[in-house]
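Source file: final36.cif (mmCIF, C-alpha atoms)
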data_run
#
loop_
_atom_site.label_atom_id
_atom_site.label_comp_id
_atom_site.auth_asym_id
_atom_site.auth_seq_id
_atom_site.Cartn_x
_atom_site.Cartn_y
_atom_site.Cartn_z
CA MET A 1 238.06 256.18 -50.76
CA GLU A 2 240.59 254.23 -52.81
CA PHE A 3 239.64 251.05 -54.63
CA SER A 4 241.77 248.89 -52.32
CA THR A 5 239.87 250.33 -49.35
CA PHE A 6 236.59 249.69 -51.16
CA LEU A 7 237.54 246.02 -51.66
CA SER A 8 238.52 245.72 -48.00
CA GLN A 9 235.20 247.19 -46.86
CA ILE A 10 233.27 244.76 -49.08
CA ASN A 11 235.21 241.86 -47.59
CA ASP A 12 234.56 243.05 -44.02
CA THR A 13 230.87 243.51 -44.80
CA LEU A 14 230.56 239.99 -46.19
CA ILE A 15 232.22 238.52 -43.11
CA ALA A 16 229.90 240.52 -40.82
CA GLU A 17 226.85 239.65 -43.03
CA ASN A 18 225.81 243.30 -42.97
CA GLY A 19 223.22 243.62 -45.72
CA ALA A 20 222.49 247.33 -45.22
CA ASN A 21 226.17 248.27 -45.53
CA LEU A 22 226.55 246.04 -48.59
CA ALA A 23 223.63 247.86 -50.20
CA TYR A 24 225.34 251.19 -49.47
CA LEU A 25 228.65 250.04 -50.94
CA LEU A 26 227.00 248.89 -54.20
CA ARG A 27 224.93 252.05 -54.74
CA PRO A 28 226.28 254.10 -57.69
CA THR A 29 225.10 257.34 -56.06
CA SER A 30 227.06 256.75 -52.83
CA PRO A 31 229.89 259.27 -52.19
CA HIS A 32 232.63 256.68 -52.60
CA GLY A 33 231.40 256.04 -56.16
CA LYS A 34 232.48 259.56 -57.16
CA GLN A 35 235.82 259.07 -55.41
CA LEU A 36 236.46 255.87 -57.38
CA VAL A 37 235.64 257.70 -60.62
CA ARG A 38 238.32 260.27 -59.79
CA GLU A 39 240.83 257.50 -59.01
CA PHE A 40 240.32 255.76 -62.34
CA ARG A 41 240.22 258.36 -65.11
CA ASN A 42 239.37 255.97 -67.92
CA PRO A 43 238.81 252.50 -66.46
CA THR A 44 238.30 249.44 -68.65
CA GLN A 45 237.39 245.87 -67.80
CA GLU A 46 240.85 244.65 -68.89
CA SER A 47 242.89 247.19 -66.97
CA LEU A 48 240.95 246.64 -63.74
CA GLU A 49 241.12 242.85 -64.06
CA ARG A 50 244.90 242.98 -64.53
CA MET A 51 245.31 244.87 -61.28
CA TYR A 52 242.55 243.53 -59.02
CA LYS A 53 241.33 240.15 -60.29
CA GLY A 54 241.49 237.65 -57.41
CA THR A 55 242.22 240.22 -54.69
CA ILE A 56 239.02 239.12 -52.89
CA LYS A 57 236.96 235.97 -53.27
CA SER A 58 234.94 235.45 -56.43
CA PRO A 59 232.50 236.78 -57.57
CA TRP A 60 233.17 239.90 -55.52
CA ASP A 61 236.28 240.89 -57.43
CA GLU A 62 234.16 240.93 -60.61
CA ILE A 63 231.24 242.69 -58.91
CA ALA A 64 233.57 245.41 -57.58
CA ILE A 65 235.04 245.96 -61.05
CA LYS A 66 231.55 246.19 -62.57
CA TYR A 67 230.62 248.70 -59.88
CA VAL A 68 233.56 250.98 -60.82
CA LEU A 69 232.64 250.77 -64.51
CA THR A 70 228.99 251.57 -63.73
CA CYS A 71 229.96 254.62 -61.67
CA SER A 72 232.30 255.77 -64.43
CA HIS A 73 229.58 255.59 -67.09
CA VAL A 74 227.03 257.30 -64.81
CA ALA A 75 229.47 260.15 -64.15
CA ARG A 76 230.13 260.58 -67.89
CA ARG A 77 226.41 260.42 -68.70
CA ARG A 78 226.51 257.22 -70.71
CA PRO A 79 223.28 255.61 -69.44
CA GLN A 80 223.23 252.68 -71.85
CA ASP A 81 226.79 251.64 -70.95
CA ALA A 82 226.00 252.17 -67.26
CA TYR A 83 222.99 249.89 -67.56
CA ARG A 84 225.03 247.21 -69.32
CA GLU A 85 227.69 247.12 -66.61
CA HIS A 86 225.19 247.23 -63.74
CA SER A 87 223.17 244.48 -65.41
CA ALA A 88 226.30 242.29 -65.40
CA LEU A 89 226.80 243.14 -61.72
CA VAL A 90 223.23 242.02 -60.94
CA LEU A 91 223.70 238.76 -62.84
CA SER A 92 226.87 237.93 -60.91
CA PHE A 93 225.18 238.79 -57.61
CA LEU A 94 222.11 236.63 -58.35
CA SER A 95 223.74 233.60 -59.91
CA ARG A 96 226.90 233.26 -57.85
CA PHE A 97 226.17 234.78 -54.45
CA PHE A 98 222.53 235.45 -53.57
CA THR A 99 221.21 231.86 -53.79
CA GLU A 100 224.04 230.60 -51.60
CA ASN A 101 223.18 232.95 -48.74
CA ARG A 102 220.29 233.75 -46.46
CA GLY A 103 218.01 236.72 -46.00
CA TRP A 104 220.71 239.07 -44.70
CA THR A 105 221.51 239.79 -48.37
CA LEU A 106 218.02 241.21 -49.09
CA PRO A 107 218.85 244.91 -48.47
CA ALA A 108 221.63 244.63 -51.07
CA LEU A 109 219.28 242.84 -53.49
CA PHE A 110 216.62 245.53 -53.12
CA SER A 111 219.17 248.27 -53.74
CA ILE A 112 220.80 246.82 -56.86
CA LEU A 113 217.42 245.89 -58.40
CA ARG A 114 216.08 249.37 -57.78
CA ASP A 115 219.19 250.85 -59.40
CA LEU A 116 218.80 248.40 -62.29
CA ARG A 117 215.26 249.63 -62.92
CA ASP A 118 216.27 253.30 -62.71
CA LEU A 119 219.28 252.87 -64.99
CA ALA A 120 217.11 250.98 -67.49
CA PHE A 121 214.63 253.84 -67.54
CA ASP A 122 217.43 256.38 -68.10
CA ALA A 123 218.93 254.25 -70.89
CA ASP A 124 215.62 253.89 -72.72
CA PHE A 125 214.85 257.59 -72.31
CA TYR A 126 218.27 258.53 -73.68
CA ALA A 127 217.82 256.18 -76.64
CA LYS A 128 214.36 257.52 -77.43
CA TYR A 129 215.60 261.11 -77.23
CA ASN A 130 218.33 260.29 -79.75
CA GLY A 131 216.07 258.34 -82.09
CA GLN A 132 217.48 254.93 -81.13
CA ASN A 133 215.82 251.68 -80.11
CA SER A 134 216.43 250.36 -76.62
CA GLU A 135 214.90 247.50 -74.66
CA CYS A 136 216.72 247.98 -71.37
CA MET A 137 213.51 248.19 -69.33
CA GLU A 138 212.27 244.90 -70.78
CA ASP A 139 215.61 243.30 -69.95
CA ALA A 140 215.50 244.76 -66.43
CA ALA A 141 211.99 243.39 -65.91
CA ARG A 142 213.19 239.90 -66.86
CA LYS A 143 216.13 240.09 -64.46
CA ILE A 144 213.94 241.38 -61.61
CA ALA A 145 211.46 238.57 -62.31
CA SER A 146 214.32 236.04 -62.06
CA ALA A 147 215.25 237.55 -58.68
CA PHE A 148 211.65 236.97 -57.59
CA GLY A 149 212.07 233.29 -58.49
CA LYS A 150 215.27 233.04 -56.44
CA CYS A 151 213.52 234.59 -53.43
CA ILE A 152 210.45 232.40 -53.58
CA ASP A 153 212.44 229.17 -54.06
CA ASP A 154 214.40 229.44 -50.79
CA ARG A 155 213.68 226.15 -49.01
CA THR A 156 216.82 225.79 -46.91
CA SER A 157 217.10 228.96 -44.83
CA PRO A 158 215.49 229.16 -41.36
CA PRO A 159 212.07 230.91 -41.54
CA ASP A 160 213.27 234.11 -39.88
CA GLN A 161 216.28 234.34 -42.23
CA SER A 162 214.58 233.23 -45.43
CA ARG A 163 214.97 235.04 -48.74
CA LYS A 164 211.17 234.76 -49.00
CA TRP A 165 210.97 237.93 -46.91
CA GLY A 166 212.02 239.75 -50.08
CA VAL A 167 209.21 238.36 -52.24
CA TYR A 168 206.72 241.23 -52.07
CA TYR A 169 209.32 243.98 -52.45
CA VAL A 170 210.65 242.33 -55.61
CA VAL A 171 207.09 241.73 -56.87
CA GLY A 172 206.46 245.47 -56.46
CA LEU A 173 209.51 246.24 -58.63
CA VAL A 174 208.40 243.70 -61.26
CA LEU A 175 204.84 245.03 -61.44
CA LYS A 176 206.05 248.63 -61.65
CA SER A 177 208.30 247.64 -64.56
CA TYR A 178 205.42 245.88 -66.35
CA PHE A 179 203.16 248.91 -65.90
CA ARG A 180 205.87 251.21 -67.25
CA LEU A 181 206.32 248.91 -70.26
CA LYS A 182 202.52 248.72 -70.70
CA LYS A 183 202.77 244.92 -70.64
CA ILE A 184 200.38 244.42 -67.77
CA SER A 185 199.31 240.96 -68.93
CA LEU A 186 202.71 239.63 -67.84
CA SER A 187 201.68 240.31 -64.23
CA LYS A 188 199.47 237.20 -64.29
CA ASN A 189 202.53 234.93 -64.22
CA ILE A 190 203.85 236.59 -61.07
CA LEU A 191 200.48 236.47 -59.31
CA ARG A 192 199.97 232.82 -60.24
CA ALA A 193 203.38 231.97 -58.77
CA LEU A 194 202.42 233.75 -55.52
CA GLU A 195 199.11 231.87 -55.30
CA ALA A 196 200.75 228.52 -56.00
CA ASN A 197 203.39 228.90 -53.27
CA HIS A 198 201.81 228.26 -49.87
CA ASP A 199 205.08 228.54 -47.92
CA ILE A 200 205.25 232.33 -48.19
CA PRO A 201 204.41 234.18 -44.96
CA ALA A 202 201.08 236.01 -44.95
CA LEU A 203 201.20 239.47 -46.55
CA GLU A 204 200.34 241.12 -43.19
CA HIS A 205 203.67 239.93 -41.76
CA TYR A 206 205.75 241.83 -44.32
CA PRO A 207 206.92 245.45 -43.86
CA ARG A 208 204.08 247.86 -44.38
CA SER A 209 205.80 249.54 -47.34
CA HIS A 210 205.91 246.16 -49.15
CA GLN A 211 202.21 245.63 -48.44
CA VAL A 212 201.19 249.05 -49.73
CA THR A 213 203.10 248.72 -53.02
CA PHE A 214 201.73 245.23 -53.67
CA ARG A 215 198.15 246.17 -52.83
CA TYR A 216 198.34 249.28 -55.01
CA TYR A 217 199.41 247.35 -58.10
CA LEU A 218 197.01 244.51 -57.35
CA GLY A 219 194.22 247.06 -57.04
CA MET A 220 195.29 248.63 -60.32
CA LEU A 221 195.18 245.24 -62.05
CA TYR A 222 191.66 244.66 -60.75
CA PHE A 223 190.69 248.18 -61.83
CA LEU A 224 191.96 247.70 -65.38
CA ASN A 225 190.22 244.30 -65.55
CA GLU A 226 186.99 246.04 -64.41
CA ASP A 227 186.73 244.04 -61.20
CA HIS A 228 185.89 247.22 -59.35
CA ALA A 229 184.78 245.71 -56.04
CA LYS A 230 188.17 244.01 -55.52
CA ALA A 231 189.98 247.08 -56.85
CA GLU A 232 188.28 249.26 -54.22
CA GLN A 233 189.14 246.77 -51.48
CA GLU A 234 192.85 246.60 -52.33
CA LEU A 235 193.25 250.34 -52.96
CA THR A 236 191.47 251.15 -49.70
CA LEU A 237 193.85 248.90 -47.76
CA ALA A 238 196.81 250.42 -49.61
CA PHE A 239 195.67 253.95 -48.72
CA TYR A 240 195.03 253.30 -45.04
CA HIS A 241 198.36 251.50 -44.61
CA CYS A 242 200.32 254.15 -46.51
CA HIS A 243 202.71 256.27 -44.46
CA LEU A 244 201.18 259.62 -43.51
CA GLU A 245 204.12 261.54 -44.96
CA ALA A 246 204.11 259.60 -48.26
CA HIS A 247 201.95 262.28 -49.87
CA THR A 248 202.77 261.37 -53.47
CA ASN A 249 201.90 257.71 -52.92
CA GLN A 250 198.64 258.61 -51.20
CA GLU A 251 197.74 260.86 -54.12
CA ARG A 252 198.54 258.08 -56.62
CA ILE A 253 196.26 255.66 -54.77
CA LEU A 254 193.42 258.16 -54.38
CA ALA A 255 193.47 258.98 -58.10
CA TYR A 256 191.81 255.58 -58.65
CA LEU A 257 190.12 255.05 -55.31
CA LEU A 258 188.11 258.29 -55.41
CA PRO A 259 186.26 257.48 -58.69
CA LEU A 260 185.39 254.02 -57.37
CA ARG A 261 184.07 255.46 -54.11
CA LEU A 262 182.23 258.09 -56.10
CA LEU A 263 180.23 255.42 -57.93
CA LYS A 264 179.04 254.14 -54.55
CA GLY A 265 177.90 257.61 -53.54
CA HIS A 266 180.78 258.33 -51.15
CA LEU A 267 181.74 261.91 -51.97
CA PRO A 268 185.17 263.09 -50.73
CA SER A 269 185.22 265.67 -47.96
CA ASP A 270 186.47 269.21 -48.46
CA GLU A 271 189.26 268.46 -45.96
CA LEU A 272 190.51 265.58 -48.10
CA MET A 273 190.42 267.68 -51.25
CA GLU A 274 192.41 270.44 -49.53
CA ARG A 275 195.16 267.93 -48.69
CA PHE A 276 195.49 266.94 -52.35
CA PRO A 277 195.18 270.03 -54.58
CA ALA A 278 195.95 268.13 -57.80
CA LEU A 279 193.12 265.68 -57.13
CA SER A 280 190.85 268.53 -56.11
CA GLU A 281 191.46 270.26 -59.43
CA LEU A 282 190.65 267.04 -61.27
CA PHE A 283 187.65 265.72 -59.32
CA SER A 284 186.01 268.66 -57.47
CA PRO A 285 183.95 269.83 -60.49
CA PHE A 286 182.46 266.33 -60.80
CA VAL A 287 181.78 266.10 -57.06
CA ASN A 288 180.08 269.50 -57.01
CA ALA A 289 177.99 268.60 -60.07
CA ILE A 290 176.83 265.35 -58.41
CA ARG A 291 175.95 267.21 -55.20
CA THR A 292 173.77 269.71 -57.08
CA GLY A 293 172.51 267.43 -59.85
CA ASP A 294 173.98 269.81 -62.44
CA ILE A 295 174.40 267.66 -65.55
CA THR A 296 175.65 270.55 -67.69
CA ALA A 297 178.46 271.28 -65.23
CA PHE A 298 179.35 267.58 -65.17
CA ASP A 299 179.53 267.40 -68.98
CA ARG A 300 181.58 270.60 -69.10
CA ALA A 301 184.06 269.21 -66.56
CA LEU A 302 184.27 265.94 -68.49
CA GLU A 303 185.06 267.74 -71.72
CA GLY A 304 187.67 269.99 -70.12
CA ARG A 305 189.49 267.12 -68.40
CA GLU A 306 189.14 264.48 -71.10
CA SER A 307 192.84 264.34 -71.99
CA LYS A 308 193.96 263.92 -68.35
CA LEU A 309 191.32 261.28 -67.64
CA VAL A 310 192.27 259.29 -70.74
CA ASP A 311 195.94 259.36 -69.74
CA LEU A 312 195.00 257.96 -66.33
CA ASN A 313 192.60 255.32 -67.77
CA LEU A 314 189.81 257.00 -65.79
CA MET A 315 187.63 258.34 -68.58
CA LEU A 316 185.06 255.54 -68.65
CA THR A 317 184.80 255.30 -64.86
CA VAL A 318 184.25 259.03 -64.35
CA GLU A 319 181.90 259.19 -67.33
CA ARG A 320 179.66 256.56 -65.72
CA ALA A 321 179.41 258.69 -62.58
CA ARG A 322 177.14 260.90 -64.69
CA GLU A 323 174.30 258.60 -63.63
CA LEU A 324 174.75 259.84 -60.06
CA CYS A 325 174.33 263.37 -61.34
CA LEU A 326 171.12 262.36 -63.09
CA ARG A 327 169.88 260.65 -59.93
CA GLY A 328 170.59 263.84 -57.97
CA LEU A 329 168.57 265.88 -60.45
CA PHE A 330 165.59 263.51 -60.31
CA ARG A 331 165.75 263.43 -56.53
CA ARG A 332 165.48 267.23 -56.52
CA VAL A 333 162.30 266.90 -58.60
CA TRP A 334 160.95 264.47 -56.00
CA VAL A 335 161.82 266.82 -53.12
CA ALA A 336 160.28 269.79 -54.99
CA SER A 337 157.09 267.69 -55.34
CA ASP A 338 156.91 267.33 -51.53
CA LYS A 339 158.19 263.77 -51.91
CA ALA A 340 155.02 262.71 -53.65
CA SER A 341 154.70 259.09 -54.73
CA ARG A 342 153.21 260.06 -58.12
CA ILE A 343 155.09 262.51 -60.32
CA PRO A 344 154.30 263.27 -63.97
CA ILE A 345 157.06 262.39 -66.44
CA ALA A 346 156.68 265.93 -67.72
CA MET A 347 158.28 267.22 -64.50
CA PHE A 348 161.37 265.07 -65.01
CA HIS A 349 161.42 266.18 -68.65
CA CYS A 350 161.24 269.81 -67.57
CA SER A 351 164.11 269.36 -65.09
CA LEU A 352 166.30 267.91 -67.86
CA ARG A 353 165.52 270.83 -70.16
CA ILE A 354 166.31 273.33 -67.39
CA SER A 355 169.62 271.52 -66.81
CA GLY A 356 170.58 272.11 -70.43
CA MET A 357 169.69 268.71 -71.90
CA ASP A 358 167.66 269.20 -75.08
CA VAL A 359 165.69 265.93 -75.01
CA GLU A 360 162.19 264.86 -75.98
CA GLN A 361 159.73 263.60 -73.37
CA GLU A 362 160.10 260.02 -74.66
CA GLU A 363 163.84 260.16 -73.96
CA ALA A 364 163.17 261.57 -70.50
CA GLU A 365 160.89 258.61 -69.86
CA CYS A 366 163.67 256.24 -70.96
CA LEU A 367 166.13 257.94 -68.61
CA VAL A 368 163.73 257.55 -65.68
CA ALA A 369 163.14 253.89 -66.61
CA ASN A 370 166.91 253.33 -66.68
CA MET A 371 167.29 254.90 -63.22
CA ILE A 372 164.63 252.52 -61.88
CA TYR A 373 166.20 249.50 -63.60
CA LYS A 374 169.64 250.22 -62.16
CA GLY A 375 168.33 250.70 -58.63
CA PHE A 376 168.84 254.46 -58.36
CA MET A 377 165.06 254.89 -57.89
CA ARG A 378 162.35 252.54 -56.58
CA GLY A 379 159.06 252.48 -58.42
CA TYR A 380 157.57 252.01 -61.87
CA ILE A 381 156.30 254.02 -64.84
CA SER A 382 152.68 254.14 -65.93
CA HIS A 383 153.22 254.81 -69.60
CA GLU A 384 149.51 255.18 -70.28
CA LYS A 385 149.11 257.94 -67.69
CA GLN A 386 152.63 259.34 -68.26
CA MET A 387 153.23 259.06 -64.53
CA VAL A 388 156.14 257.87 -62.42
CA VAL A 389 154.92 255.94 -59.36
CA LEU A 390 157.59 255.94 -56.66
CA ALA A 391 157.83 253.73 -53.57
CA MET A 392 156.30 255.20 -50.43
CA ALA A 393 159.45 254.39 -48.48
CA ASN A 394 163.04 254.80 -49.62
CA ALA A 395 162.17 256.02 -53.10
CA PHE A 396 165.81 256.99 -53.70
CA PRO A 397 167.94 254.33 -51.96
CA ARG A 398 171.39 255.21 -50.72
CA LEU A 399 173.86 254.56 -53.53
CA ALA A 400 175.97 252.26 -51.39
CA ASP A 401 172.88 250.17 -50.53
CA ARG A 402 172.19 249.14 -54.09
CA PRO A 403 172.53 245.34 -54.57
CA SER A 404 175.29 245.91 -57.11
CA PRO A 405 176.86 249.39 -56.77
CA TYR A 406 179.14 248.71 -59.73
CA GLY A 407 176.44 246.98 -61.76
CA SER A 408 176.22 249.81 -64.27
CA LEU A 409 179.88 249.35 -65.12
#

Please rewrite the model in this file as C-alpha cells.
Amino acid sequence: MEFSTFLSQINDTLIAENGANLAYLLRPTSPHGKQLVREFRNPTQESLERMYKGTIKSPWDEIAIKYVLTCSHVARRRPQDAYREHSALVLSFLSRFFTENRGWTLPALFSILRDLRDLAFDADFYAKYNGQNSECMEDAARKIASAFGKCIDDRTSPPDQSRKWGVYYVVGLVLKSYFRLKKISLSKNILRALEANHDIPALEHYPRSHQVTFRYYLGMLYFLNEDHAKAEQELTLAFYHCHLEAHTNQERILAYLLPLRLLKGHLPSDELMERFPALSELFSPFVNAIRTGDITAFDRALEGRESKLVDLNLMLTVERARELCLRGLFRRVWVASDKASRIPIAMFHCSLRISGMDVEQEEAECLVANMIYKGFMRGYISHEKQMVVLAMANAFPRLADRPSPYGSL
C-alpha cells in the first residue's frame, strides 16, 4: 500500500465512521505499516509534511505522518523514538478528534492506547538494558488516564453511542499501567472518579472482557489492602466471567483467589489443579499438607517456594494458612480419641512432636488456646487439670462457618 492509498483509506473510513477499520489502519503491526516503511526509506517529519500536509482534513494529515514515523522507528528497533512519535499521534487523536465524535471511535481509541502502553514498556526496557533512565510508562499512564477523563465526560452523545462505553476498557489499561509502575496508590483517583459519576451504565452492561479486567484489578487492590472478603468476591466474579479459552487470564486470577479460598477451608479439586500445572506446582504441597495436617510438609513447602510467593505478594497469605494445617492435626487427635469431649493437652503436645515441632507442653497449650480463640475449635482449657474440654457438638466447625473466616489476617 502506498501512502496516498493509505490517506484515501483513512478518509473513507472517517466518512463511513468505521471504528474497527480505523483501529486497523492505525496499528503499527498491520501489514500496510511494513509497506509504508519500504516506501519511505528514511522519513522525517519535515519531508513528509512538505509532500502531504493538508492532503486530508486536519488533524488526520498529522496523524498519518506520525503513524509512518512510528512504523519506521519500530522497524529499525528504535523503541524510544517510536514511543515519542506514537505518543504525539495519541495526543492529536485525543485533543483534536476524539472529543468531537461519538462512540464509533472507541475501537480506534482502544487500539492506539494499547499500542501506547506496549511501546512505552519496550522503550523503558530498552533504556534499562542500556543503563539509561526512561519514564515512558509513567507518561503513557498519564495519557491513558486523560483518555479515561474524555470518555467519562461525554454528555452530548446519545446513550447508545456514548464514549462512556469505553470507560472500563480504558480503566483496565490505566490500572495495568499503575501496577506495572508499582504506583498502585494512584488507582484511588480513578476509582473515586468512577464512584462519583452516576451517569455511567452499570458494569454488567459492558462487554464481558471489560468486566473481567476491571474486577481482576479491583480484586487485586482489595487484596493488597487486606480487604480479603471483597477481594474474594471480585476475583470470583472475574474468574467465572472469564472466557474459557483465556487460560493465562484464568491462571492469573486463580493465583490470588486460591489462597483466599484456602483460608476459608475450600481446597481446590484435583481436576482444577490438573488444568493449571503452574498453580499445581505452587499450591499442591500446601493443599496436601492441610489435608493431612502435616505441619512439617507445610513448612518445607513454604521454605522452598518463598521467593516465588514473595514476588507474587502471597507470602503472608499462604503463611497464615498454616493455622489450617494445625487445625487438621488437632482434629486428627480428636478423631483418634474417638471424638471424646475431654482430651489431655499432653496428646496435642505429642501430636506436635510427632509432626516435627520441637515445642514444650506450655507452648502446645498456647497453640490449642489460640485455635479456640480464633474459632477453629469449640471448647475451653482446664489449665489446672491440663485438659482440653471440647464441645459435644461441632467441636471443629467448618472453616467457612467461622464468624470471621479472615479474622486471623

Shell of 9 Å around Leu113 of chain A, all atoms listed in the file, local chain residues under 4 positions omitted, as a PyMOL selection string: chain A and resi 90+108-109+117-118+140+143-144+147+170+173

Expected selection from the PyMOL selection byres ((chain A and resi 145) around 12), given as a PyMOL selection string: chain A and resi 94+113+117+138-144+146-152+167-178+186-187+189-191+193

Residues within 12 Å of (157.6, 264.8, -51.5), counting only C-alpha atoms, listed as a ChimeraX atom specification: /A:330-343,390-396

How would the residues just picked look written out with C-alpha atoms as an mmCIF file, keeping the file's coordinate frame?
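Output contents, as saved in out.cif:
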data_model
loop_
_atom_site.group_PDB
_atom_site.id
_atom_site.type_symbol
_atom_site.label_atom_id
_atom_site.label_comp_id
_atom_site.auth_asym_id
_atom_site.auth_seq_id
_atom_site.Cartn_x
_atom_site.Cartn_y
_atom_site.Cartn_z
ATOM 1 C CA PHE A 330 165.590 263.510 -60.310
ATOM 2 C CA ARG A 331 165.750 263.430 -56.530
ATOM 3 C CA ARG A 332 165.480 267.230 -56.520
ATOM 4 C CA VAL A 333 162.300 266.900 -58.600
ATOM 5 C CA TRP A 334 160.950 264.470 -56.000
ATOM 6 C CA VAL A 335 161.820 266.820 -53.120
ATOM 7 C CA ALA A 336 160.280 269.790 -54.990
ATOM 8 C CA SER A 337 157.090 267.690 -55.340
ATOM 9 C CA ASP A 338 156.910 267.330 -51.530
ATOM 10 C CA LYS A 339 158.190 263.770 -51.910
ATOM 11 C CA ALA A 340 155.020 262.710 -53.650
ATOM 12 C CA SER A 341 154.700 259.090 -54.730
ATOM 13 C CA ARG A 342 153.210 260.060 -58.120
ATOM 14 C CA ILE A 343 155.090 262.510 -60.320
ATOM 15 C CA LEU A 390 157.590 255.940 -56.660
ATOM 16 C CA ALA A 391 157.830 253.730 -53.570
ATOM 17 C CA MET A 392 156.300 255.200 -50.430
ATOM 18 C CA ALA A 393 159.450 254.390 -48.480
ATOM 19 C CA ASN A 394 163.040 254.800 -49.620
ATOM 20 C CA ALA A 395 162.170 256.020 -53.100
ATOM 21 C CA PHE A 396 165.810 256.990 -53.700
#

Distance criterion (all atoms listed in the file): nearest to Arg163 of chain A out of A:Glu135, A:Asp294, A:Glu365, A:Glu100: A:Glu100

Hits of the PyMOL selection byres ((chain A and resi 318) around 9) in this structure, as a ChimeraX atom specification: /A:259-260,262-263,286,302,309,314-317,319-322

Residues near Cys242 of chain A, cut-off 12 Å, all atoms listed in the file, skip fewer than 5 positions along chain, as a PyMOL selection string: chain A and resi 207-216+235-237+247-254

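Residue membership of the PyMOL selection byres ((chain A and resi 68) around 9) in the shown file amounts to Phe3, Pro28, Gly33, Leu36, Val37, Phe40, Pro43, Ile63, Ala64, Ile65, Lys66, Tyr67, Leu69, Thr70, Cys71, Ser72 and His73 of chain A.
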
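Considering all atoms listed in the file, the residue among A:Phe376, A:Phe298, A:Phe125, A:Tyr52 positioned nearest to Ser355 of chain A is A:Phe298.
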
Two-atom distance - atom CA of Asp81 of chain A, atom CA of Arg38 of chain A (Å): 18.2 Å

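Distance annotation: of A:Leu352, A:Val359, A:Ala82, A:Asn225, the residue with the minimal separation from Asn313 of chain A is A:Asn225; atom set is only C-alpha atoms.
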
Between atom CA of Glu274 of chain A and atom CA of Leu244 of chain A, distance in Å (one decimal): 15.2 Å

Separation of atom CA of Gly265 of chain A from atom CA of Glu363 of chain A in Å: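 Taking atom CA of Glu363 of chain A and atom CA of Gly265 of chain A, their separation equals 24.9 Å.
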
Residue neighbourhood Asn18 of chain A, 12 Å, all atoms listed in the file, exclusion window fewer than 2 positions, as a list in words: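 Listed by chain and then number, they are Gln9, Ile10, Asn11, Asp12, Thr13, Leu14, Ile15, Ala16, Ala20, Asn21, Leu22, Ala23, Tyr24, Leu25, Arg102, Gly103, Trp104, Thr105, Leu106, Pro107 and Ala108 of chain A.
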
Counting all atoms listed in the file, the option among A:Ala400, A:Ala301, A:Met387, A:Leu272 closest to Ala229 of chain A: A:Ala400

Option closest in space to Asp115 of chain A, from A:Ile372, A:Leu194, A:Ile200, A:Leu26 [counting all atoms listed in the file]: A:Leu26

Which of A:His243, A:Leu91, A:Phe98, A:Arg84 sits closest to Ala123 of chain A [using only C-alpha atoms]: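 Among A:His243, A:Leu91, A:Phe98, A:Arg84, it is A:Arg84 that comes nearest to Ala123 of chain A.
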